[in-house]
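The structure appears right after this line, and notes come after that.
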Amino acid sequence: MEIKRQGEAWLPDFFRSLDYSAFYALLFSGMVVLAIVWGTGSDITLLGLLSGVIALSVGLQVFSHQLRTLLDNVAYATFPALREESAELRMVD
């Protein structure tokens, strides 16, 4: 029964992450698709670029929390109080 409750608790976060990932993928890959359509046409290098942009945008969305933590640790390296406060605020988010 515990597993079912955890799954139900994670479901909204899963759908939010899926929605954000789809939005970012469409946003960033749309520019590459326009470059392919208006540019020289479909080429293997442009299709590779499109795949890379989609993978990067989805990856950034999926790992955004860890990335923010890493960047905060670097930015607040000399300010431990600010780093702790930022970590607490991230946990609320």
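Order determines the names: the first chain of the structure tokens is A, the second B, and so forth; residues in each chain are numbered 1 upward, and ligands are numbered 1 upward as they are shown.
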### Message
I'd like the contact shell of region 54-61 of chain A - 8 Å cut-off, only C-alpha atoms, skipping same-chain residues fewer than 3 positions apart - returned as number ranges by chain.
### Response
A: 17, 20-22, 24-26, 28-29, 50-51, 64, 67
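CA of Leu34 (chain A) to CA of Leu47 (chain A) spans 12.0 Å [interatomic distance, one decimal].
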### Query
What is the distance between CA of Pro12 (chain A) and CA of Val62 (chain A), in Å to one decimal?
14.3 Å
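When only C-alpha atoms are used to measure the gap to Leu71 (chain A), the shortest distance among A:Met91, A:Trp38, A:Arg83, A:Val53 belongs to A:Arg83.
When only C-alpha atoms are used to compute distances to Arg68 (chain A), the closest of the residues A:Ile36, A:Leu89, A:Leu46, A:Ala81 turns out to be A:Leu89.
The space between CA of Leu27 (chain A) and CA of Thr40 (chain A) spans 21.0 Å.
Minimum atom-to-atom distances from A:Leu11, A:Met31, A:Gly39, A:Asp72 to Arg90 (chain A) were compared using only C-alpha atoms, and the lowest value belongs to A:Asp72.
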